[in-house]
2 protein chains.
Amino acid sequence: MWPTSSHPRAFHERRQRLVARFPGPVLLPAGSSRPRNFPANRYAFRAESHFLYFVGRGVEDAALLVTDGTATLFAPEPDPEAAVWTGPTPSLEQLSEQLGLEVRPLAELSPPPNTATLPPQDLPSAFWLAELLGRDLEAGDGANLEGVDAGLADAIVDVRLRHDAAAIAQLEQAAVVTVAAHRAGMARTRPGLREAAVRAAMEAEIIAQGMTTSYGSIVTVHGEVLHNERHDGLLGPGDLVLADVGAETPEGWAGDVTRTWPVSGRFLSEQRELYELVLAAQRAAIDAVRPGVRYLDVHRTAGRVLVSGLTELGILRGEVEELLQRGAGALFFPHGIGHLLGLDVHDMEDLGDRAGYAPGRERSDRPGDRYLRLDRDLEPGMVVTIEPGFYRIERILERAEEVGELEDALRRDVLGKYASVRGIRIEDDVLVTDGAARVLTDALPKTADEIEALVGA
Amino acid sequence: MWPTSSHPRAFHERRQRLVARFPGPVLLPAGSSRPRNFPANRYAFRAESHFLYFVGRGVEDAALLVTDGTATLFAPEPDPEAAVWTGPTPSLEQLSEQLGLEVRPLAELSPPPNTATLPPQDLPSAFWLAELLGRDLEAGDGANLEGVDAGLADAIVDVRLRHDAAAIAQLEQAAVVTVAAHRAGMARTRPGLREAAVRAAMEAEIIAQGMTTSYGSIVTVHGEVLHNERHDGLLGPGDLVLADVGAETPEGWAGDVTRTWPVSGRFLSEQRELYELVLAAQRAAIDAVRPGVRYLDVHRTAGRVLVSGLTELGILRGEVEELLQRGAGALFFPHGIGHLLGLDVHDMEDLGDRAGYAPGRERSDRPGDRYLRLDRDLEPGMVVTIEPGFYRIERILERAEEVGELEDALRRDVLGKYASVRGIRIEDDVLVTDGAARVLTDALPKTADEIEALVGA
């Protein structure tokens with residue numbers, strides 16, 4: 001598939017929803033591309049998500065002003081001298097027509113007093129904005145907002161939390177390509193290759209379909225390293241590959257999927273036992289995704305299935321509810337069950353926990369809950385990931401002070417039998433609807449048998 | 001091939017060469033990774049090239065201090081809490097052993113007065129450095145240096161201009177993978193695909209071999225757009241694909257190669273005529289690459305072959321030397337014949353023209369010469385690209401004020417017969433040696449017949 005764009009009307013309606021919630025003047029910067037090793041060699045430009053949400057296209061160094069209910073894009077005028085290098089770029093008039101939005105030269109931008117904004121990620125844009133607005137502004141500091149900016153953030157969170165039809169269509173496109181990438185990765189897998197070969201097959205699928213990765217790909221035989229950035233490991237015949245890879249559409253919408261598969265194409269029996277346990281936890285969590293359900297309870301549902309299964313396998317001993325109370329889930333599943341998904345892979349995380357945590361809720365400091373990025377009551381239109389895992393993490397399990405009072409519950413002799421498992425995670429992207437949750441990435445198989453049929457094929 | 005690292009001795013020797021040329025204290029920052037759409041979602045870190053040159057590995061937020069002839073790396077201490085997320089990271093002691101260099105905690109860094117430095121590309125690192133040194137410093141502003149910094153830049157240019165054996169070994173590795181990428185791109189090409197499919201095949205080869213792209217890939221049927229960043233075009237059966245794609249080794253060394261091939265696997269006869277002309281210009285330029293030769297003359301050699309060929313084809317009319325004097329080459333070949341290649345695809349361009357232009361030489365303002373990035377007398381150990389091209393650029397050819405006095409020399413009727421050619425470029429990476437130049441990328445075929453055999457195969 002080749003990605004399709006949303007209709008300009010979708011962005012017009014989003015801007016109207018913003019105005020309805022936040023009447024005051026608003027200025028949203030697109031941001032600037034970042035230099036890599038010298039000023040002219042730059043990373044691919046990716047606009048600020050709040051800008052993309054209301055404009056639909058990254059226009060470098062532009063800014064959207066919404067004032068008195070009217071939206072105007074202020075954009076740099078194309079440099080005719082640059083045409084030899086970059087090809088014809090649309091004039092501001094053409095841009096206006098394409099975006100369905102008034103476009104004016106950037107030099108005319110003069111925001112009214114008390115204009116609210118959200119800090120961009122890059123320092124040069126933050127400087128420019130601070131000077132324009134005549135007040136301090138720290139790049140990337142959306143977690144600490146005050147005054148009108150805090151009010152704007154609340155309004156935007158409210159608008160962006162529940163996805164409209166155009167957003168869901170974009171997330172569906174990201175899901176299609178993300179699924180294709182995982183299929184390609186499974187097909188490419190064989191013993192003796194490097195992790196990088198599998199990563200290449202997956203990212204090639206994404207690049208070929210006009211998209212980009214929505215975050216740094218994790219493709220590793222060391223799934224126990226949760227944010228593993230290395231790709232130089234060799235695929236051993238008894239290893240599991242954990243691949244956490246997602247596609248991003250040109251409008252900026254993200255996919256985020258994890259699968260874990262055996263290099264040889266066959267799970268060892270201990271690997272299969274734990275794989276099926278993680279899968280059962282994932283299914284139970286997805287089944288729990290319904291409007292009105294608190295996401296923390298979805299997280300706990302997965303934890304309960306995991307701990308219960310681990311007692312059945314004999315890795316943990318004790319009574320399930322008591323083990324859960326004592327935080328036994330965190331020994332093997334230290335991260336959260338998932339997060340919001342949208343224009344950002346952790347949607348609106350630039351605003352800290354303002355989007356992920358409902359007003360009045362705060363992060364717990366319990367080991368199994370402290371990394372949970374989302375604790376809201378679910379509503380139709382939200383998209384969340386559901387991604388339980390099982391990991392044997394040395395840093396946790398081999399240090400008495402980490403295991404603490406759970407030492408008596410942990411049967412290290414039994415755990416030793418599962419040495420062929422380092423990390424398993426199964427992750428899908430799930431849309432909350434009025435009825436049962438809809439798994440946007442359900443075209444990607446996940447039972448052990450289905451996975452085996454795809455590896456090396 | 002999987003990339004191999006240089007021996008720590010190579011970096012020790014480079015630091016000694018620096019000390020021999022610049023005894024004063026020197027501080028070289030590694031730089032910081034750049035945030036993408038939220039603070040935790042970052043572009044892949046790529047250290048400053050000057051840091052990589054003397055250290056050999058990107059250590060984020062570290063800095064190399066060379067004072068009194070002794071080099072010390074100051075690096076952030078690994079956070080044990082982060083181990084769950086990032087896996088075990090080497091202690092400073094282990095890092096020291098791996099790098100063959102004393103490593104101290106970053107907090108102990110206290111540079112002596114009058115320490116010279118070069119500005120990093122990212123603003124946060126530039127701020128940190130400015131505060132540490134107690135003076136102004138502008139990110140990415142290496143083109144405007146004064147005082148000790150200017151002296152340091154001259155010394156580093158002198159050290160980095162001629163590549164040592166370790167550097168050449170790295171450039172050879174980058175060349176091998178770059179060549180493989182181009183072969184993969186040719187093989188993947190067929191009518192009806194998007195440019196992105198070819199790009200994906202090329203970048204997959206680079207990713208699979210543990211490397212990254214050294215610059216944003218150009219893969220386009222609109223080769224006349226010199227820095228084309230789009231990849232959504234359809235490959236028409238009569239189109240030429242221009243692909244300018246290079247691999248970068250983990251130590252940061254770049255490949256930079258361009259090939260142009262017919263989508264159908266067969267050049268049309270007009271395409272072949274112009275292709276062979278560009279190839280003749282490239283060969284003449286490579287033949288001219290010898291120690292002591294001024295690079296501007298290499299550029300002019302290519303221009304002469306092109307203009308002479310264009311008169312033979314009837315596209316230009318007039319006497320060749322006179323046409324060259326009048327700048328006729330720039331009508332179809334507006335950019336320079338190439339540039340330095342090393343850790344940067346335009347090596348040391350962060351220092352403006354300090355590396356590319358020998359002292360006393362300046363950029364010409366002549367149309368055909370003004371974009372020339374290099375004008376030095378060549379020396380053994382330099383690596384340069386040789387990349388002539390032929391482009392039909394609307395912005396140039398269709399505007400009377402651009403063509404100017406050359407209107408009488410331009411036979412638009414004849415040019416019209418070559419409408420199937422929009423852009424052709426042929427680029428290789430060339431090492432200056434004591435004898436004939438060595439083409440590092442010569443494993444990649446480039447005659448029209450050879451190219452035809454590889455497309456779609």
# chains A, B, ... in the order shown; residues from 1 in each chain; ligands from 1

$ closest_atom_pairs --of "chain A" --to "chain B" --cutoff "8 Å" --atoms "only C-alpha atoms" --output "CSV"
residue,atom,partner,partner_atom,distance
A:Arg34,CA,B:Arg34,CA,7.1
A:Pro35,CA,B:Gln121,CA,6.3
A:Arg36,CA,B:Arg46,CA,6.9
A:Asn37,CA,B:Glu48,CA,5.8
A:Phe38,CA,B:Asp350,CA,4.7
A:Pro39,CA,B:Gly140,CA,6.1
A:Asn41,CA,B:Tyr215,CA,6.4
A:Arg42,CA,B:Tyr215,CA,7.7
A:Tyr43,CA,B:Gly216,CA,7.6
A:Ala44,CA,B:Gly216,CA,7.3
A:Arg46,CA,B:Arg36,CA,6.9
A:Ala47,CA,B:Asn37,CA,7.3
A:Glu48,CA,B:Asn37,CA,5.8
A:Ser49,CA,B:Asn37,CA,6.5
A:Ala83,CA,B:Arg395,CA,7.0
A:Val84,CA,B:Val225,CA,6.1
A:Trp85,CA,B:Leu226,CA,4.7
A:Thr86,CA,B:His227,CA,5.3
A:Gly87,CA,B:Val225,CA,5.0
A:Gln121,CA,B:Pro35,CA,6.3
A:Asp122,CA,B:Pro35,CA,7.1
A:Leu123,CA,B:Leu123,CA,6.5
A:Pro124,CA,B:Leu123,CA,7.6
A:Gly140,CA,B:Pro39,CA,6.0
A:Arg194,CA,B:Ala208,CA,7.7
A:Ala196,CA,B:Ala208,CA,4.7
A:Ala197,CA,B:Ala208,CA,4.1
A:Val198,CA,B:Ala208,CA,7.3
A:Arg199,CA,B:Ala208,CA,7.0
A:Ala200,CA,B:Ala204,CA,4.6
A:Ala201,CA,B:Ala204,CA,6.4
A:Glu203,CA,B:Ala204,CA,7.1
A:Ala204,CA,B:Ala200,CA,4.6
A:Glu205,CA,B:Ala200,CA,7.1
A:Ile206,CA,B:Ala200,CA,8.0
A:Ile207,CA,B:Ala200,CA,5.2
A:Ala208,CA,B:Ala197,CA,4.1
A:Gln209,CA,B:Ala196,CA,6.7
A:Gly210,CA,B:Ala196,CA,6.0
A:Tyr215,CA,B:Asn41,CA,6.4
A:Gly216,CA,B:Ala44,CA,7.3
A:Glu224,CA,B:Val84,CA,7.9
A:Val225,CA,B:Gly87,CA,5.0
A:Leu226,CA,B:Trp85,CA,4.7
A:His227,CA,B:Trp85,CA,5.0
A:Asn228,CA,B:Thr86,CA,5.5
A:Glu229,CA,B:Thr86,CA,7.5
A:His231,CA,B:Gly210,CA,7.2
A:Asp232,CA,B:Gly210,CA,6.8
A:Asp344,CA,B:Asn37,CA,6.9
A:Met348,CA,B:Phe38,CA,7.8
A:Glu349,CA,B:Phe38,CA,6.4
A:Asp350,CA,B:Phe38,CA,4.7
A:Ile393,CA,B:Val84,CA,7.0
A:Arg395,CA,B:Val84,CA,6.5
A:Ile396,CA,B:Val84,CA,7.8

$ select_by_dssp --residues "range 50-227 of chain B" --states "strand (DSSP E or B)" --output "PyMOL selection string"
chain B and resi 63-67+70-75+102-105+116-117+194+212-213+218-220

$ write_last_selection --atoms "C-alpha atoms" --output "PDB file, in the first residue's frame"
ATOM      1  CA  ALA B  63      34.606  15.220  25.781  1.00  0.00           C
ATOM      2  CA  LEU B  64      38.239  14.602  24.929  1.00  0.00           C
ATOM      3  CA  LEU B  65      40.757  16.849  26.665  1.00  0.00           C
ATOM      4  CA  VAL B  66      44.283  16.973  25.282  1.00  0.00           C
ATOM      5  CA  THR B  67      46.624  18.975  27.456  1.00  0.00           C
ATOM      6  CA  THR B  70      48.204  13.869  27.302  1.00  0.00           C
ATOM      7  CA  ALA B  71      44.731  12.852  26.226  1.00  0.00           C
ATOM      8  CA  THR B  72      41.939  12.109  28.692  1.00  0.00           C
ATOM      9  CA  LEU B  73      38.374  11.242  27.906  1.00  0.00           C
ATOM     10  CA  PHE B  74      35.800  12.653  30.321  1.00  0.00           C
ATOM     11  CA  ALA B  75      32.621  10.614  30.160  1.00  0.00           C
ATOM     12  CA  GLU B 102      42.519   7.340  30.190  1.00  0.00           C
ATOM     13  CA  VAL B 103      38.855   7.884  31.043  1.00  0.00           C
ATOM     14  CA  ARG B 104      37.664  10.028  33.964  1.00  0.00           C
ATOM     15  CA  PRO B 105      34.196  10.967  35.198  1.00  0.00           C
ATOM     16  CA  ALA B 116      40.782  25.599  22.224  1.00  0.00           C
ATOM     17  CA  THR B 117      37.665  23.865  20.944  1.00  0.00           C
ATOM     18  CA  ARG B 194       7.929   3.719  -6.521  1.00  0.00           C
ATOM     19  CA  THR B 212      23.920   3.668   8.475  1.00  0.00           C
ATOM     20  CA  THR B 213      23.430   6.072   5.577  1.00  0.00           C
ATOM     21  CA  ILE B 218      18.636  10.581  -3.211  1.00  0.00           C
ATOM     22  CA  VAL B 219      16.790   7.963  -5.271  1.00  0.00           C
ATOM     23  CA  THR B 220      14.729   9.621  -7.938  1.00  0.00           C
TER      24      THR B 220
END

$ closest_residue --among "B:Ala187, B:Asp375, B:Ala130, B:Asn144" --to "Gly360 in chain B" --atoms "only C-alpha atoms"
B:Asp375

$ atom_distance --atom1 "CA of Phe127 in chain B" --atom2 "CA of Trp253 in chain B"
27.1 Å

$ residues_around --residues "Ile286 in chain A" --least-positions-apart "3" --cutoff "10 Å" --atoms "only C-alpha atoms" --output "count of residues only"
22

$ residues_around --residues "Leu152 in chain A" --least-positions-apart "4" --cutoff "12 Å" --atoms "only C-alpha atoms" --output "PyMOL selection string"
chain A and resi 18-28+50+66+114-119+142+145-148+156-159+351+354

$ write_last_selection --atoms "N, CA and C atoms" --output "compact mmCIF listing (two decimals), in the first residue's frame"
# COMPACT_ATOMS: atom_id res chain seq x y z
N LEU A 18 -10.43 22.47 18.76
CA LEU A 18 -9.49 23.16 19.67
C LEU A 18 -10.08 24.50 20.10
N VAL A 19 -10.59 25.25 19.14
CA VAL A 19 -11.15 26.57 19.45
C VAL A 19 -12.30 26.43 20.45
N ALA A 20 -13.12 25.38 20.30
CA ALA A 20 -14.25 25.19 21.20
C ALA A 20 -13.77 24.97 22.64
N ARG A 21 -12.61 24.37 22.79
CA ARG A 21 -12.11 24.07 24.14
C ARG A 21 -11.18 25.15 24.69
N PHE A 22 -10.54 25.86 23.78
CA PHE A 22 -9.54 26.85 24.22
C PHE A 22 -9.65 28.06 23.31
N PRO A 23 -10.43 29.05 23.72
CA PRO A 23 -10.68 30.19 22.81
C PRO A 23 -9.48 31.11 22.64
N GLY A 24 -8.59 31.14 23.63
CA GLY A 24 -7.50 32.12 23.61
C GLY A 24 -6.58 31.92 22.43
N PRO A 25 -5.74 32.91 22.11
CA PRO A 25 -4.83 32.74 20.96
C PRO A 25 -3.81 31.64 21.23
N VAL A 26 -3.53 30.89 20.18
CA VAL A 26 -2.64 29.72 20.26
C VAL A 26 -1.62 29.80 19.14
N LEU A 27 -0.38 29.51 19.44
CA LEU A 27 0.65 29.43 18.40
C LEU A 27 1.36 28.09 18.53
N LEU A 28 1.31 27.30 17.45
CA LEU A 28 1.95 25.98 17.48
C LEU A 28 3.07 25.92 16.43
N HIS A 50 1.98 18.26 17.71
CA HIS A 50 0.81 19.13 17.86
C HIS A 50 0.57 19.91 16.56
N VAL A 66 -3.79 30.36 15.87
CA VAL A 66 -5.25 30.29 15.94
C VAL A 66 -5.70 31.40 16.88
N ASN A 114 -0.45 37.39 25.33
CA ASN A 114 -0.99 36.26 26.06
C ASN A 114 -1.29 35.04 25.19
N THR A 115 -0.55 34.89 24.10
CA THR A 115 -0.71 33.73 23.23
C THR A 115 -0.14 32.49 23.92
N ALA A 116 -0.92 31.42 23.90
CA ALA A 116 -0.47 30.16 24.51
C ALA A 116 0.31 29.35 23.48
N THR A 117 1.26 28.57 23.96
CA THR A 117 2.02 27.71 23.06
C THR A 117 2.48 26.47 23.82
N LEU A 118 3.06 25.53 23.08
CA LEU A 118 3.69 24.35 23.69
C LEU A 118 5.12 24.31 23.21
N PRO A 119 6.06 23.99 24.10
CA PRO A 119 7.47 24.07 23.72
C PRO A 119 7.86 23.02 22.68
N GLY A 142 7.71 20.31 27.97
CA GLY A 142 6.25 20.30 28.05
C GLY A 142 5.69 19.65 29.29
N LEU A 145 4.38 22.95 32.57
CA LEU A 145 3.75 24.12 31.96
C LEU A 145 2.99 24.91 33.02
N GLU A 146 2.85 26.19 32.73
CA GLU A 146 2.10 27.06 33.64
C GLU A 146 1.20 27.98 32.82
N GLY A 147 0.25 28.59 33.52
CA GLY A 147 -0.57 29.65 32.91
C GLY A 147 -1.31 29.20 31.67
N VAL A 148 -1.32 30.07 30.67
CA VAL A 148 -2.09 29.77 29.45
C VAL A 148 -1.57 28.51 28.76
N ILE A 156 -5.58 20.48 24.38
CA ILE A 156 -5.07 19.64 23.29
C ILE A 156 -5.10 18.17 23.70
N VAL A 157 -4.78 17.89 24.95
CA VAL A 157 -4.88 16.50 25.41
C VAL A 157 -6.32 16.01 25.23
N ASP A 158 -7.25 16.86 25.59
CA ASP A 158 -8.65 16.49 25.49
C ASP A 158 -9.04 16.23 24.03
N VAL A 159 -8.52 17.04 23.11
CA VAL A 159 -8.84 16.86 21.69
C VAL A 159 -8.15 15.61 21.13
N LEU A 351 4.27 16.09 26.85
CA LEU A 351 3.61 16.84 27.92
C LEU A 351 3.73 16.12 29.27
N ARG A 354 0.73 14.39 31.63
CA ARG A 354 -0.54 15.12 31.52
C ARG A 354 -1.55 14.36 30.65

$ atom_distance --atom1 "CA of Ser110 in chain A" --atom2 "CA of Arg9 in chain A"
26.0 Å

$ decode --residues "range 390-403 of chain B" --atoms "N, CA and C atoms" --output "PDB file, in the first residue's frame"
ATOM      1  N   PHE B 390      24.972  15.682 -15.924  1.00  0.00           N
ATOM      2  CA  PHE B 390      24.267  16.435 -16.972  1.00  0.00           C
ATOM      3  C   PHE B 390      22.813  16.530 -16.528  1.00  0.00           C
ATOM      4  N   TYR B 391      22.294  17.742 -16.439  1.00  0.00           N
ATOM      5  CA  TYR B 391      20.935  17.936 -15.948  1.00  0.00           C
ATOM      6  C   TYR B 391      20.191  18.915 -16.843  1.00  0.00           C
ATOM      7  N   ARG B 392      18.945  18.623 -17.107  1.00  0.00           N
ATOM      8  CA  ARG B 392      18.078  19.617 -17.748  1.00  0.00           C
ATOM      9  C   ARG B 392      17.247  20.255 -16.645  1.00  0.00           C
ATOM     10  N   ILE B 393      17.711  21.399 -16.155  1.00  0.00           N
ATOM     11  CA  ILE B 393      17.071  22.062 -15.018  1.00  0.00           C
ATOM     12  C   ILE B 393      16.223  23.211 -15.529  1.00  0.00           C
ATOM     13  N   GLU B 394      14.914  23.044 -15.413  1.00  0.00           N
ATOM     14  CA  GLU B 394      13.962  24.053 -15.881  1.00  0.00           C
ATOM     15  C   GLU B 394      14.334  25.448 -15.426  1.00  0.00           C
ATOM     16  N   ARG B 395      14.567  25.550 -14.145  1.00  0.00           N
ATOM     17  CA  ARG B 395      14.860  26.848 -13.515  1.00  0.00           C
ATOM     18  C   ARG B 395      16.043  27.556 -14.203  1.00  0.00           C
ATOM     19  N   ILE B 396      16.978  26.754 -14.738  1.00  0.00           N
ATOM     20  CA  ILE B 396      18.117  27.359 -15.450  1.00  0.00           C
ATOM     21  C   ILE B 396      17.784  27.564 -16.920  1.00  0.00           C
ATOM     22  N   LEU B 397      17.335  26.480 -17.583  1.00  0.00           N
ATOM     23  CA  LEU B 397      17.248  26.504 -19.044  1.00  0.00           C
ATOM     24  C   LEU B 397      16.048  27.271 -19.564  1.00  0.00           C
ATOM     25  N   GLU B 398      14.987  27.342 -18.760  1.00  0.00           N
ATOM     26  CA  GLU B 398      13.769  27.947 -19.285  1.00  0.00           C
ATOM     27  C   GLU B 398      13.626  29.408 -18.904  1.00  0.00           C
ATOM     28  N   ARG B 399      14.677  29.979 -18.343  1.00  0.00           N
ATOM     29  CA  ARG B 399      14.604  31.390 -17.954  1.00  0.00           C
ATOM     30  C   ARG B 399      15.693  32.145 -18.685  1.00  0.00           C
ATOM     31  N   ALA B 400      15.251  33.086 -19.482  1.00  0.00           N
ATOM     32  CA  ALA B 400      16.196  33.843 -20.300  1.00  0.00           C
ATOM     33  C   ALA B 400      17.281  34.474 -19.435  1.00  0.00           C
ATOM     34  N   GLU B 401      16.915  34.959 -18.241  1.00  0.00           N
ATOM     35  CA  GLU B 401      17.908  35.668 -17.435  1.00  0.00           C
ATOM     36  C   GLU B 401      18.969  34.709 -16.889  1.00  0.00           C
ATOM     37  N   GLU B 402      18.640  33.418 -16.820  1.00  0.00           N
ATOM     38  CA  GLU B 402      19.645  32.456 -16.374  1.00  0.00           C
ATOM     39  C   GLU B 402      20.587  32.090 -17.529  1.00  0.00           C
ATOM     40  N   VAL B 403      20.012  31.861 -18.673  1.00  0.00           N
ATOM     41  CA  VAL B 403      20.827  31.487 -19.831  1.00  0.00           C
ATOM     42  C   VAL B 403      21.641  32.685 -20.315  1.00  0.00           C
TER      43      VAL B 403
END
